[in-house]
Every structure is written in C-alpha cells, then in structure tokens.
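For reference, the structure is listed below as structure tokens.
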Amino acid sequence: MVDDRWELLSPLATGSSGEVFAAREHGTGRDAAVKVMRSDLLGDEVAVKRFEREARATGSIAHPNVVRVIAHGHHRGRPYLAMELLRGETLESRLARGPVARAQCLTVVAQIAAALDAAHAAGVIHRDLKPDNVFLLEGDAVAVRVLDFGYAKLADHLIGDANLTAANALLGTPLYMAPEQVQASREVAARADLWSLGVIAYELVVGRAPFPSTNVADLFVEILARPIPLPSAVDRSLPRGLDAWSVRALARAREERYPTATALSEALADAARPSRRPWALALAGVVVATVALALAVARSR
C-alpha cells in the first residue's frame, strides 16, 4: 500500500526515473497507474526534484490530451505520482508495427498539438516530446495522451528551473531534439517542443524520420547543419505541399517555425491534401470550357 491509499497490483513498466504499477485506490476501488521513484535514485537530489517537478508540471495542465494526475506525494521517503490508468500502446510501439493511415496521422498530430498548446499556456515546456511519450488509447477512435513531463521546464510562478538545468546540460532524446537543445541552450523555449512535434509529424506522414543517422554525433550534425530531405524527395507520391510545411516546421531558426502547435497541425492538414497534377488541372479546364461553350450555343438558339 502506497501512502495508505494505493494498493499496487502489478508492474507495468520501468523507466529511467521510476517504476510504474497498476494500482487500485483503497476505499473507492478506482484504478490508477502509480509511478514510484526508483530506490537507487533517492540519493540524487536533482533526480528527486525532477521527479517531483514532473508531478507538479503534469498536474498544472488540465487538458484531455495530457495524462491526468490524481495525486502525488511521498511514501517512506520515495516520491510517487498517481495518474489515470491508460490502456493501449505508445506511438513508438505503433510505428514499429508499420505505417499509419494518413487520416490517423493527422488526428494524432492534432491531439498532440492541442496538448502542447495547453502545456505552453500553463507555462510548461515538455523538452522530451517523442513517440515513446505519446500514448494511444485502445479503441476505435484515435485518442492521445501526452506523458512524461520529467524534463519539463516550468515558468517561474510554478517552480524554479535553474537548479535542475545546468548550463551544459543535454536534456531530451537525440532524434527529436531541436537545434537549440543540441547546443545545450538554457533558453530552450516552447518552439523547441514544436520542432519535436515537427519531427514526429514528418515521421508519421513520410514514413521515416528526417534524420537517418543512428550515431549520436552524426545525428547532431544532421540536426544542426545538413539539408533536411523534403518529403517529396523521400516519396514522390506525397503531396508537394508537404515540402513547404516541412521547411517551416523544421526551420533551424526558432522564429521561422510555426508560432503554435495548433498552427503546425492545421498547416500539416492543409499540406497533406492530395494535390492536383498538371494534367488533371488541364483536363478540368477543358471540361469547364466545353461546358461553357455548350451553354453558350444553347442560349443562342
């Protein structure tokens, strides 16, 4: 029993900071997922504060696409976090099984975007957005929850960040890190999350990540300097509008990116619409001209 409230039923996962258990609330019978900090990290003051910050950051965002925090506290000196119990799979697991239908891709991106905009409005920057931190609920309809705000940067009115982010700290997952994160900037802002969302969206729609290297050093060079392949260069069947979208979504200069996650998502939906081929446009013009001519002849009789 955790905190005389949560009965731990079975292990669900083990991560870098904690162990997650399926649990049941004593007295109400409500199901939950309880994340308990790993005992070997208890002597690490920064790790403890980061775990506690995850609870505060996630709890400060009230949005259906962000995992809901039920309670948090300490049990026998170990921080814990009780959240809604999710059933389904991570986006990373889903991508490992093969391509995702275009309509589902757009829905997933739209829901992640809604979660990010809510987080940013609450003064929270995720800083580690990746497919493994996006959960897809089981069911016929697409339903997303954004998870794991352990690396989140919070506004000063919530909790200080300076002591948890050293000047040369490298926080995040390399493939999804914005250029400013690779450069270990302490001024990482909301548009770093938008870069991460852009990488995820590119991976979903194009079918592969924009940066193919698996070696971290080469990957960082790709993120910082090498040309990013346009979607149409990877797959000629993709709408050409995706090229312009990717240039802005993955702009290395922060100010050139989309201003919000929703703006990125809406632009993606527009760009992903099948484009008419030149021959199709020409054919349509011929049809219109023929119909107009027929109407003119009919009126002259």
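So you can find residues: chains in the structure tokens are A, B, ... in the order shown, residues in each start at 1, and ligands are numbered from 1 in order.
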Excluding same-chain residues fewer than 2 positions from Ser265 of chain A, what lies within 8 Å of it counting only C-alpha atoms, as a PyMOL selection string? chain A and resi 106+109-110+113+261-263+267-269
Would you please work out which residue, of A:Ala141, A:Leu95, A:Leu9, A:Ala152, is nearest to Ala122 of chain A when using only C-alpha atoms?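 Using only C-alpha atoms, Ala122 of chain A sits closest to A:Ala152.
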Which residues are close to Pro227 of chain A, i.e. within 10 Å by only C-alpha atoms, leaving aside same-chain residues fewer than 4 positions away? Reply as a ChimeraX atom specification. /A:210-211,222-223
Extract the full set of strand (DSSP E) residues from segment 101-248 of chain A according to DSSP on the backbone, and format it as a PyMOL selection string. chain A and resi 124-125+134-137+144-146+153-154
Gap from atom CA of Glu203 of chain A to atom CA of Leu250 of chain A - Å, one decimal: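 Separation between atom CA of Glu203 of chain A and atom CA of Leu250 of chain A: 12.2 Å.
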Picked from segment 64-185 of chain A by DSSP as helix (DSSP H, G or I), as a count of residues only: 39
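Atom CA of Val206 of chain A lies 19.5 Å from atom CA of Pro174 of chain A.
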What is the atom CA of Asp3 of chain A-atom CA of Gly73 of chain A distance in Å, reported with one decimal?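 Atom-to-atom, atom CA of Asp3 of chain A and atom CA of Gly73 of chain A are spaced 8.0 Å apart.
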Quick one: of A:Arg273, A:Arg191, A:Met37, A:Ile228, who's nearest to Glu255 of chain A, counting only C-alpha atoms?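 Using only C-alpha atoms, the shortest distance to Glu255 of chain A belongs to A:Arg191.
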Choose the residue, out of A:Arg208, A:Asp132, A:Arg252, A:Ala115, that has the smallest atom-to-atom separation from Val182 of chain A; count only C-alpha atoms.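 Answer, going by the shortest atom-to-atom distance: A:Arg252.
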